[in-house]
>>> print(open('protein_19.txt').read())   # compact mmCIF, C-alpha atoms
# COMPACT_ATOMS: atom_id res chain seq x y z
CA MET A 1 -26.71 10.85 -3.25
CA ASN A 2 -29.13 13.70 -3.58
CA LEU A 3 -31.32 12.26 -0.83
CA GLY A 4 -28.30 12.11 1.46
CA PHE A 5 -27.55 15.77 0.79
CA VAL A 6 -31.15 16.85 1.50
CA ILE A 7 -31.27 14.83 4.70
CA GLY A 8 -27.91 16.31 5.75
CA VAL A 9 -29.20 19.83 5.26
CA LEU A 10 -32.36 18.91 7.18
CA GLY A 11 -30.27 17.50 10.04
CA VAL A 12 -28.15 20.65 10.23
CA LEU A 13 -31.28 22.81 10.24
CA ILE A 14 -32.80 20.76 13.05
CA LEU A 15 -29.59 21.06 15.09
CA SER A 16 -29.47 24.83 14.62
CA HIS A 17 -33.15 25.09 15.59
CA ALA A 18 -32.39 23.13 18.76
CA ALA A 19 -29.48 25.48 19.51
CA TYR A 20 -31.75 28.52 19.01
CA SER A 21 -34.42 27.01 21.28
CA THR A 22 -31.81 26.41 23.99
CA ILE A 23 -30.65 30.02 23.77
CA GLN A 24 -34.24 31.24 24.03
CA TYR A 25 -34.82 28.93 27.00
CA ARG A 26 -31.77 30.34 28.76
CA GLY A 27 -33.04 33.85 28.13
CA LEU A 28 -36.36 32.83 29.68
CA LEU A 29 -34.54 31.38 32.69
CA LYS A 30 -32.57 34.62 33.13
CA ILE A 31 -35.88 36.49 33.39
CA THR A 32 -37.25 34.10 36.00
CA GLU A 33 -33.76 33.88 37.67
CA GLU A 34 -33.53 30.10 37.78
CA GLU A 35 -30.47 27.84 37.33
CA PHE A 36 -29.79 26.47 33.89
CA THR A 37 -29.53 22.75 34.51
CA GLY A 38 -30.07 21.55 30.98
CA PRO A 39 -32.19 22.08 27.94
CA PRO A 40 -35.85 21.05 28.11
CA LEU A 41 -36.92 17.58 27.06
CA ASN A 42 -38.25 18.51 23.64
CA VAL A 43 -34.93 20.15 22.75
CA VAL A 44 -33.09 16.97 23.78
CA VAL A 45 -35.36 14.88 21.56
CA GLU A 46 -34.77 17.35 18.71
CA LEU A 47 -31.00 17.06 19.25
CA ILE A 48 -31.08 13.27 19.06
CA VAL A 49 -33.17 13.38 15.88
CA GLY A 50 -30.77 15.92 14.33
CA LEU A 51 -27.80 13.74 15.32
CA ALA A 52 -29.29 10.66 13.70
CA LEU A 53 -30.13 12.49 10.46
CA CYS A 54 -26.67 14.10 10.21
CA MET A 55 -24.90 10.79 10.86
CA TRP A 56 -26.94 9.00 8.22
CA ALA A 57 -26.27 11.77 5.70
CA ALA A 58 -22.51 11.81 6.50
CA LEU A 59 -22.28 8.09 5.82
CA THR A 60 -24.30 8.03 2.60
CA PHE A 61 -23.46 11.34 0.95
CA PRO A 62 -19.71 10.95 0.24
CA GLY A 63 -20.28 7.81 -1.83
CA LYS A 64 -18.49 4.47 -1.86
CA PHE A 65 -16.00 3.89 0.97
CA LEU A 66 -12.53 2.65 -0.07
CA SER A 67 -11.03 -0.43 1.51
CA ILE A 68 -8.14 0.06 3.93
CA HIS A 69 -6.98 -3.54 4.25
CA PRO A 70 -3.61 -3.96 2.52
CA ASP A 71 -4.58 -7.46 1.45
CA SER A 72 -8.07 -6.72 0.19
CA ASP A 73 -8.78 -7.44 -3.40
CA GLU A 74 -8.38 -3.82 -4.52
CA ASN A 75 -5.35 -2.84 -2.50
CA ARG A 76 -3.09 -5.83 -2.88
CA ALA A 77 0.25 -5.26 -4.59
CA VAL A 78 0.11 -7.06 -7.90
CA SER A 79 3.51 -6.15 -9.22
CA LEU A 80 6.40 -3.87 -8.54
CA PRO A 81 7.01 -1.00 -11.00
CA ASP A 82 9.49 -1.88 -13.74
CA ASN A 83 12.72 -0.17 -12.75
CA SER A 84 12.75 2.41 -15.49
CA ASP A 85 15.78 4.24 -14.08
CA PHE A 86 17.86 1.18 -14.93
CA MET A 87 16.16 0.43 -18.23
CA ILE A 88 18.52 -0.80 -20.92
CA PHE A 89 17.87 -0.64 -24.63
CA ASN A 90 20.15 -3.50 -25.49
CA HIS A 91 17.40 -6.13 -25.52
CA ARG A 92 16.18 -8.53 -28.21
CA GLY A 93 13.29 -6.23 -29.07
CA ARG A 94 15.58 -3.83 -30.82
CA LEU A 95 15.66 -6.08 -33.85
CA PHE A 96 11.95 -5.48 -34.45
CA PRO A 97 11.34 -1.74 -34.74
CA PRO A 98 7.66 -1.01 -35.28
CA GLU A 99 6.31 0.57 -38.45
CA ILE A 100 5.49 4.14 -37.62
CA THR A 101 5.02 7.42 -39.40
CA MET A 102 5.90 10.75 -37.96
CA LYS A 103 5.02 14.11 -39.36
CA PHE A 104 6.92 16.63 -37.27
CA MET B 105 3.99 -0.95 -6.42
CA VAL B 106 1.03 -1.47 -8.62
CA THR B 107 -2.22 -2.34 -6.90
CA LYS B 108 -4.97 -4.50 -8.35
CA THR B 109 -7.32 -1.58 -9.00
CA GLU B 110 -4.59 0.31 -10.81
CA GLU B 111 -3.78 -2.76 -12.88
CA THR B 112 -7.41 -3.26 -13.92
CA GLU B 113 -7.68 0.43 -14.75
CA LEU B 114 -4.54 0.19 -16.87
CA SER B 115 -5.71 -2.87 -18.81
CA GLN B 116 -9.14 -1.30 -19.33
CA LEU B 117 -7.61 1.84 -20.78
CA GLU B 118 -5.29 -0.29 -22.88
CA ASN B 119 -8.20 -2.19 -24.40
CA GLN B 120 -10.08 1.00 -25.00
CA VAL B 121 -7.15 2.66 -26.71
CA GLU B 122 -6.26 -0.37 -28.80
CA ASN B 123 -9.81 -0.69 -30.13
CA GLY B 124 -9.89 2.93 -31.16
CA GLY B 125 -12.07 4.19 -28.35
CA GLY B 126 -10.17 7.37 -27.48
CA GLY B 127 -8.81 8.14 -24.00
CA VAL B 128 -5.23 8.11 -25.27
CA TRP B 129 -4.07 10.96 -23.05
CA GLU B 130 -5.48 9.30 -19.88
CA TYR B 131 -3.70 6.07 -20.84
CA LEU B 132 -0.40 7.88 -21.28
CA CYS B 133 -0.85 9.64 -17.92
CA VAL B 134 -1.58 6.34 -16.15
CA VAL B 135 1.47 4.72 -17.73
CA ARG B 136 3.60 7.63 -16.56
CA LYS B 137 2.16 7.51 -13.05
CA LEU B 138 2.57 3.76 -12.58
CA LYS B 139 5.99 3.73 -14.26
CA VAL B 140 5.24 0.62 -16.26
CA ARG B 141 7.04 -0.19 -19.45
CA ARG B 142 4.60 -0.20 -22.37
CA SER B 143 6.89 1.26 -24.98
CA GLU B 144 5.23 0.04 -28.17
CA LEU B 145 1.78 1.27 -27.21
CA VAL B 146 3.12 4.55 -25.87
CA LEU B 147 5.04 5.09 -29.09
CA LYS B 148 2.11 4.28 -31.35
CA HIS B 149 -0.50 6.31 -29.56
CA GLY B 150 1.79 9.11 -28.44
CA LEU B 151 2.78 9.63 -32.05
CA SER B 152 -0.88 9.69 -33.05
CA ILE B 153 -1.32 12.69 -30.77
CA LEU B 154 1.93 14.39 -31.75
CA ASN B 155 1.36 13.98 -35.49
CA ASP B 156 -1.85 15.95 -35.27
CA PRO B 157 -1.12 19.65 -34.61
CA GLY B 158 -4.65 20.23 -33.33
CA LYS B 159 -4.40 17.56 -30.65
CA ARG B 160 -0.86 18.69 -29.86
CA SER B 161 -1.84 22.26 -29.05
CA ALA B 162 -4.84 20.99 -27.05
CA LEU B 163 -2.37 19.56 -24.53
CA GLY B 164 -0.88 22.90 -23.62
CA PRO B 165 2.26 22.70 -21.48
CA ASP B 166 1.95 18.91 -21.15
CA GLU B 167 3.05 18.66 -24.76
CA TRP B 168 6.71 18.65 -23.74
CA THR B 169 6.24 15.86 -21.19
CA LEU B 170 4.63 13.88 -23.97
CA TYR B 171 7.60 14.52 -26.24
CA GLU B 172 9.90 13.22 -23.52
CA GLN B 173 7.75 10.14 -22.90
CA VAL B 174 7.53 9.33 -26.62
CA ALA B 175 11.28 9.88 -27.03
CA ILE B 176 12.09 7.32 -24.35
CA ALA B 177 9.52 4.86 -25.71
CA ALA B 178 10.97 5.29 -29.20
CA MET B 179 14.45 4.51 -27.89
CA ASP B 180 13.10 1.38 -26.23
CA CYS B 181 11.57 0.25 -29.55
CA GLN B 182 14.74 1.20 -31.44
CA SER B 183 12.96 3.83 -33.57
CA LEU B 184 15.92 6.15 -33.26
CA ALA B 185 14.75 8.62 -35.92
CA VAL B 186 11.58 9.34 -33.96
CA ALA B 187 13.59 9.79 -30.79
CA GLN B 188 16.01 12.12 -32.56
CA ASN B 189 13.16 14.26 -33.85
CA CYS B 190 11.46 14.50 -30.47
CA ILE B 191 14.73 15.54 -28.85
CA LYS B 192 15.33 18.14 -31.56
CA VAL B 193 11.93 19.70 -30.89
CA LEU B 194 12.62 19.72 -27.15
CA GLN B 195 16.05 21.26 -27.73
CA LYS B 196 14.55 24.06 -29.77
CA LYS B 197 12.12 24.84 -27.00
CA PHE B 198 14.47 24.41 -24.01
CA PRO B 199 17.98 25.14 -25.34
CA GLU B 200 20.11 24.90 -22.20
CA SER B 201 18.17 22.28 -20.34
CA LYS B 202 19.88 19.49 -18.36
CA ARG B 203 16.82 17.29 -18.76
CA VAL B 204 17.19 17.48 -22.55
CA GLY B 205 20.90 16.83 -22.13
CA LYS B 206 20.09 13.62 -20.28
CA LEU B 207 17.76 12.59 -23.12
CA GLU B 208 20.53 13.17 -25.65
CA ALA B 209 22.94 11.02 -23.66
CA LEU B 210 20.20 8.38 -23.41
CA LEU B 211 19.90 8.43 -27.20
CA LEU B 212 23.65 7.85 -27.52
CA GLU B 213 23.22 4.88 -25.20
CA ALA B 214 20.39 3.50 -27.31
CA LYS B 215 22.53 3.82 -30.42
CA GLY B 216 25.20 1.76 -28.69
CA MET B 217 27.83 4.51 -28.70
CA TRP B 218 29.05 3.77 -25.18
CA GLU B 219 32.13 6.04 -25.03
CA GLU B 220 30.26 9.10 -26.27
CA ALA B 221 27.45 8.43 -23.82
CA GLU B 222 30.03 8.04 -21.03
CA LYS B 223 31.57 11.38 -21.98
CA ALA B 224 28.18 13.09 -22.14
CA TYR B 225 27.27 11.78 -18.69
CA SER B 226 30.56 12.92 -17.17
CA ILE B 227 30.01 16.41 -18.57
CA LEU B 228 26.55 16.47 -17.04
CA LEU B 229 27.95 15.17 -13.76
CA GLU B 230 30.46 18.03 -13.58
CA ASP B 231 27.62 20.52 -13.28
CA ASN B 232 25.71 18.44 -10.80
CA PRO B 233 27.77 15.72 -9.11
CA LEU B 234 24.85 14.48 -7.01
CA ASP B 235 22.42 13.72 -9.79
CA GLN B 236 20.82 10.39 -8.96
CA VAL B 237 19.48 9.65 -12.43
CA ILE B 238 22.87 10.00 -14.11
CA HIS B 239 24.56 7.69 -11.61
CA LYS B 240 21.85 5.12 -12.26
CA ARG B 241 22.31 5.46 -16.01
CA LYS B 242 26.00 4.64 -15.58
CA VAL B 243 25.00 1.45 -13.83
CA ALA B 244 22.53 0.68 -16.62
CA MET B 245 25.25 1.23 -19.22
CA ALA B 246 27.58 -1.18 -17.45
CA LYS B 247 24.74 -3.70 -17.35
CA ALA B 248 23.94 -3.21 -21.03
CA GLN B 249 27.55 -3.74 -22.04
CA GLY B 250 27.51 -7.07 -20.25
CA LYS B 251 29.80 -6.09 -17.37
CA PRO B 252 27.79 -7.01 -14.29
CA SER B 253 30.77 -6.72 -11.91
CA LEU B 254 31.32 -3.12 -13.03
CA ALA B 255 27.61 -2.47 -12.58
CA ILE B 256 27.80 -3.89 -9.06
CA GLU B 257 30.79 -1.67 -8.25
CA HIS B 258 28.99 1.46 -9.48
CA LEU B 259 25.81 0.51 -7.66
CA ASN B 260 27.63 -0.09 -4.39
CA LYS B 261 29.28 3.32 -4.63
CA TYR B 262 25.91 4.88 -5.42
CA LEU B 263 24.24 3.17 -2.47
CA GLU B 264 26.93 4.38 -0.07
CA VAL B 265 25.67 7.90 -0.78
CA PHE B 266 21.98 7.32 -1.43
CA MET B 267 21.11 4.54 0.98
CA ALA B 268 17.37 5.06 0.87
CA ASP B 269 16.85 4.37 -2.81
CA HIS B 270 14.94 1.10 -2.90
CA ASP B 271 14.89 0.82 -6.68
CA ALA B 272 18.67 0.68 -6.55
CA TRP B 273 18.65 -1.99 -3.82
CA ARG B 274 16.22 -4.02 -5.87
CA GLU B 275 18.39 -3.71 -8.96
CA LEU B 276 21.47 -4.76 -6.98
CA ALA B 277 19.61 -7.78 -5.59
CA GLU B 278 18.56 -8.85 -9.08
CA ILE B 279 22.09 -8.50 -10.46
CA TYR B 280 23.46 -10.58 -7.57
CA VAL B 281 20.85 -13.26 -8.17
CA SER B 282 21.74 -13.35 -11.86
CA LEU B 283 25.37 -13.88 -10.86
CA GLN B 284 24.32 -16.49 -8.27
CA MET B 285 25.82 -14.48 -5.39
CA TYR B 286 22.90 -15.36 -3.15
CA LYS B 287 24.28 -14.24 0.19
CA GLN B 288 24.74 -10.69 -1.07
CA ALA B 289 21.33 -10.78 -2.71
CA ALA B 290 19.86 -11.82 0.64
CA PHE B 291 21.50 -8.77 2.24
CA CYS B 292 19.92 -6.49 -0.37
CA TYR B 293 16.50 -8.00 0.18
CA GLU B 294 16.92 -7.53 3.92
CA GLU B 295 17.51 -3.82 3.30
CA LEU B 296 14.39 -3.70 1.15
CA ILE B 297 12.26 -5.40 3.78
CA LEU B 298 13.59 -2.98 6.41
CA SER B 299 12.56 0.02 4.34
CA GLN B 300 9.17 -1.30 3.19
CA PRO B 301 8.06 -4.03 5.57
CA THR B 302 4.48 -4.16 4.36
CA LEU B 303 5.23 -5.11 0.77
CA PRO B 304 4.75 -8.90 0.51
CA LEU B 305 6.69 -9.19 -2.74
CA TYR B 306 9.96 -8.41 -0.99
CA HIS B 307 9.27 -11.02 1.69
CA LEU B 308 8.58 -13.55 -1.05
CA ALA B 309 11.78 -12.77 -2.93
CA TYR B 310 13.82 -12.96 0.30
CA ALA B 311 12.27 -16.29 1.20
CA GLU B 312 13.11 -17.65 -2.24
CA VAL B 313 16.75 -16.54 -1.99
CA LEU B 314 17.03 -18.14 1.46
CA TYR B 315 15.48 -21.35 0.19
CA THR B 316 17.98 -21.38 -2.67
CA ILE B 317 20.94 -20.98 -0.37
CA GLY B 318 19.71 -23.97 1.65
CA GLY B 319 20.91 -25.25 5.01
CA HIS B 320 18.86 -25.82 8.13
CA GLU B 321 18.71 -22.28 9.57
CA ASN B 322 18.11 -20.71 6.18
CA LEU B 323 15.25 -23.08 5.49
CA ILE B 324 13.62 -22.24 8.80
CA ALA B 325 14.03 -18.53 8.09
CA ALA B 326 12.66 -19.04 4.57
CA ARG B 327 9.63 -20.74 6.01
CA LYS B 328 9.10 -17.79 8.36
CA TYR B 329 9.19 -15.36 5.46
CA TYR B 330 6.87 -17.45 3.33
CA ALA B 331 4.52 -17.42 6.28
CA SER B 332 4.77 -13.64 6.61
CA THR B 333 4.03 -13.28 2.89
CA ILE B 334 0.91 -15.37 3.32
CA ASP B 335 -0.01 -13.19 6.26
CA LEU B 336 0.48 -9.95 4.33
CA THR B 337 -1.45 -11.13 1.28
CA GLY B 338 -4.32 -12.62 3.25
CA GLY B 339 -3.56 -16.14 2.04
CA LYS B 340 -3.84 -15.30 -1.64
CA SER B 341 -0.23 -15.87 -2.68
CA THR B 342 -0.13 -19.33 -4.27
CA ARG B 343 3.63 -19.14 -4.61
CA ALA B 344 4.11 -18.57 -0.90
CA LEU B 345 1.78 -21.46 -0.07
CA PHE B 346 3.81 -23.77 -2.29
CA GLY B 347 7.01 -22.39 -0.78
CA LEU B 348 5.77 -23.25 2.67
CA CYS B 349 5.04 -26.86 1.72
CA LEU B 350 8.40 -27.25 0.02
CA CYS B 351 10.27 -25.72 2.96
CA GLY B 352 8.46 -28.07 5.31
CA SER B 353 9.46 -31.15 3.35
CA ALA B 354 13.04 -29.90 2.87
CA ILE B 355 13.42 -29.31 6.61
CA ALA B 356 11.96 -32.72 7.35
CA GLN B 357 14.46 -34.35 5.00
CA LEU B 358 17.41 -32.44 6.46
CA SER B 359 16.56 -33.22 10.06
CA LYS B 360 15.92 -36.90 9.40
CA GLY B 361 19.41 -37.78 10.56
CA ARG B 362 19.35 -35.39 13.51
CA ASN B 363 17.60 -35.73 16.83
CA LYS B 364 14.40 -33.93 17.69
CA GLU B 365 15.80 -30.38 17.97
CA ASP B 366 13.36 -27.55 17.75
CA LYS B 367 11.72 -29.86 15.33
CA ASP B 368 9.17 -27.18 14.61
CA MET B 369 6.21 -27.31 16.88
CA ALA B 370 4.56 -25.37 14.12
CA ALA B 371 5.75 -27.49 11.23
CA PRO B 372 3.19 -30.26 10.80
CA GLU B 373 0.20 -27.94 11.27
CA LEU B 374 1.68 -25.22 9.06
CA GLN B 375 2.35 -27.62 6.24
CA SER B 376 -1.04 -29.29 6.36
CA LEU B 377 -2.80 -25.92 6.60
CA ALA B 378 -0.94 -24.66 3.56
CA ALA B 379 -1.76 -27.86 1.68
CA THR B 380 -5.46 -27.48 2.48
CA ALA B 381 -5.42 -23.86 1.38
CA LEU B 382 -3.72 -24.81 -1.89
CA GLU B 383 -6.26 -27.54 -2.61
CA LYS B 384 -9.10 -25.14 -1.95
CA GLU B 385 -7.65 -22.57 -4.30
CA TYR B 386 -7.05 -25.13 -7.05
CA LYS B 387 -10.58 -26.45 -6.65
CA GLN B 388 -11.81 -22.95 -7.25
CA LYS B 389 -9.57 -21.83 -10.07
CA ALA B 390 -8.19 -24.90 -11.87
CA PRO B 391 -10.22 -27.99 -10.93
CA ALA B 392 -8.74 -29.98 -13.78
CA LYS B 393 -5.31 -29.88 -12.14
CA LEU B 394 -6.49 -30.80 -8.66
CA ASN B 395 -5.40 -34.45 -8.97
CA LEU B 396 -1.91 -33.40 -10.06
CA LEU B 397 -1.68 -31.09 -7.07
CA SER B 398 -2.88 -33.72 -4.57
CA SER B 399 -0.40 -36.33 -5.75
CA ALA B 400 2.43 -33.77 -5.67
CA LEU B 401 1.53 -32.72 -2.14
CA ARG B 402 1.31 -36.33 -1.03
CA SER B 403 4.80 -37.07 -2.35
CA LEU B 404 6.13 -34.01 -0.51
CA LYS B 405 4.96 -35.23 2.85
CA LEU B 406 7.32 -38.19 2.80
>>> encode(input="protein_19.txt", output="structure tokens")
Amino acid sequence: MNLGFVIGVLGVLILSHAAYSTIQYRGLLKITEEEFTGPPLNVVVELIVGLALCMWAALTFPGKFLSIHPDSDENRAVSLPDNSDFMIFNHRGRLFPPEITMKF
Amino acid sequence: MVTKTEETELSQLENQVENGGGGVWEYLCVVRKLKVRRSELVLKHGLSILNDPGKRSALGPDEWTLYEQVAIAAMDCQSLAVAQNCIKVLQKKFPESKRVGKLEALLLEAKGMWEEAEKAYSILLEDNPLDQVIHKRKVAMAKAQGKPSLAIEHLNKYLEVFMADHDAWRELAEIYVSLQMYKQAAFCYEELILSQPTLPLYHLAYAEVLYTIGGHENLIAARKYYASTIDLTGGKSTRALFGLCLCGSAIAQLSKGRNKEDKDMAAPELQSLAATALEKEYKQKAPAKLNLLSSALRSLKL
């Protein structure tokens, strides 16, 4: 988990560095009065690397994914809740009160 | 509904608590959240917390919820003195509370003093005529006194006002089934399926009621609902698989005299598929009984 966090931070840093390089490049283009068609190749490579690192970190950092299938082994409905609003106390168990002590 | 993970968590906590491993408060919270009925354990362990003033004050404001939970569990186990004491403590803390009033009326019910409980509930209803819990307690009282027709009457009146309460529909369906009024029970289960179509247990119960009523159309419908249960549970419901095989053979027997109506293009494949699935499951879980199963399935296909 820690590795995922570090790699996530690294990915974000790389992305922000790519953004800063693009801004600098645009400033340079403004001086030489050329059209801004797209960031230079090395910035694109840096963007792809940053994307890959951030995606990997986003998938590994949060931990175990939960299942969404309603019939998977964890999510299946095993039983309905006992209707406690309609609970009656008139059952056979009332002849066997448990031995308890209370001090309040 | 209780999912498998919640059930395993509950049984784990139960084992831990029973073997003296602590975690009592988490167990009580889980029981309260899942609304399961574990009255003896709740009483025993809840009292162990309440008897100890140190642990009691460590709970803070949750102490009163615990008193309420232990009071109801005590009533279920017929330890009326404990329940009385818990209610007294709650009364001292919250003198004019309706919630405590409901608990007192519940205690009268547990003692079997039906008229006094009736009176107490009517007084509470005067202040708040739309209180769902009190209406449901009236139904429960009618059920406890052995008057299912009165319970049905009360429940029907309740459901005219609060149509979306699926616990009440479920209760009505169960009372009808106990009185063998299957057509009305089928209606209740239809309402339940409409409100929660993804819960396979309702489909299963509906299919069983239809199968009990019998008759050609009902059997075909029952088979459809067994099939939908199998679909919703991913093929893991043994009961639905058996139901499918039985429906198939019942339909075959009924339509022996008739001509080839919509003689179920799906029928032979469905039945044999279900039989194969059953045999696979038995091979995995109970191989000793596999022979019994195979001979039973063979006799069904006649």
>>> closest_residue(input="protein_19.txt", among="A:Val49, A:Pro39, A:Gly4, A:Phe96", to="A:Gln24", atoms="only C-alpha atoms")
A:Pro39
>>> interface_residues(input="protein_19.txt", of="chain B", to="chain A", cutoff="6 Å", atoms="all atoms listed in the file", output="JSON, numbers by chain")
{"B": [105, 106, 107, 108, 109, 139, 140, 155, 180, 181, 182, 183, 214, 244, 248, 337, 338]}
>>> residues_around(input="protein_19.txt", residues="B:Leu336", least_positions_apart="4", cutoff="9 Å", atoms="all atoms listed in the file", output="JSON list (two decimals) with C-alpha atoms, in the frame of the given file")
[["chain", "number", "residue", "atom", "x", "y", "z"],
["A", 70, "PRO", "CA", -3.61, -3.96, 2.52],
["A", 71, "ASP", "CA", -4.58, -7.46, 1.45],
["B", 302, "THR", "CA", 4.48, -4.16, 4.36],
["B", 303, "LEU", "CA", 5.23, -5.11, 0.77],
["B", 304, "PRO", "CA", 4.75, -8.90, 0.51],
["B", 331, "ALA", "CA", 4.52, -17.42, 6.28],
["B", 332, "SER", "CA", 4.77, -13.64, 6.61]]
>>> residues_around(input="protein_19.txt", residues="A:Ala58", least_positions_apart="3", cutoff="8 Å", atoms="only C-alpha atoms", output="PyMOL selection string")
chain A and resi 4+8+54-55+61-62
>>> atom_distance(input="protein_19.txt", atom1="atom CA of B:Ala162", atom2="atom CA of B:Lys197")
17.4 Å
>>> closest_residue(input="protein_19.txt", among="B:Val313, B:Leu145, B:Leu210, B:Val128", to="B:Ala187", atoms="all atoms listed in the file")
B:Leu210
>>> atom_distance(input="protein_19.txt", atom1="atom CA of B:Ala175", atom2="atom CA of B:Ser152")
13.6 Å
>>> closest_residue(input="protein_19.txt", among="A:Leu3, A:Ala57, A:Ala19, A:Leu13", to="A:Val44", atoms="all atoms listed in the file")
A:Ala19
>>> atom_distance(input="protein_19.txt", atom1="atom CA of A:Ser21", atom2="atom CA of A:Leu41")
11.3 Å
>>> residues_around(input="protein_19.txt", residues="stretch 113-121 of chain B", least_positions_apart="6", cutoff="7 Å", atoms="only C-alpha atoms", output="PyMOL selection string")
chain B and resi 127-128+131+134
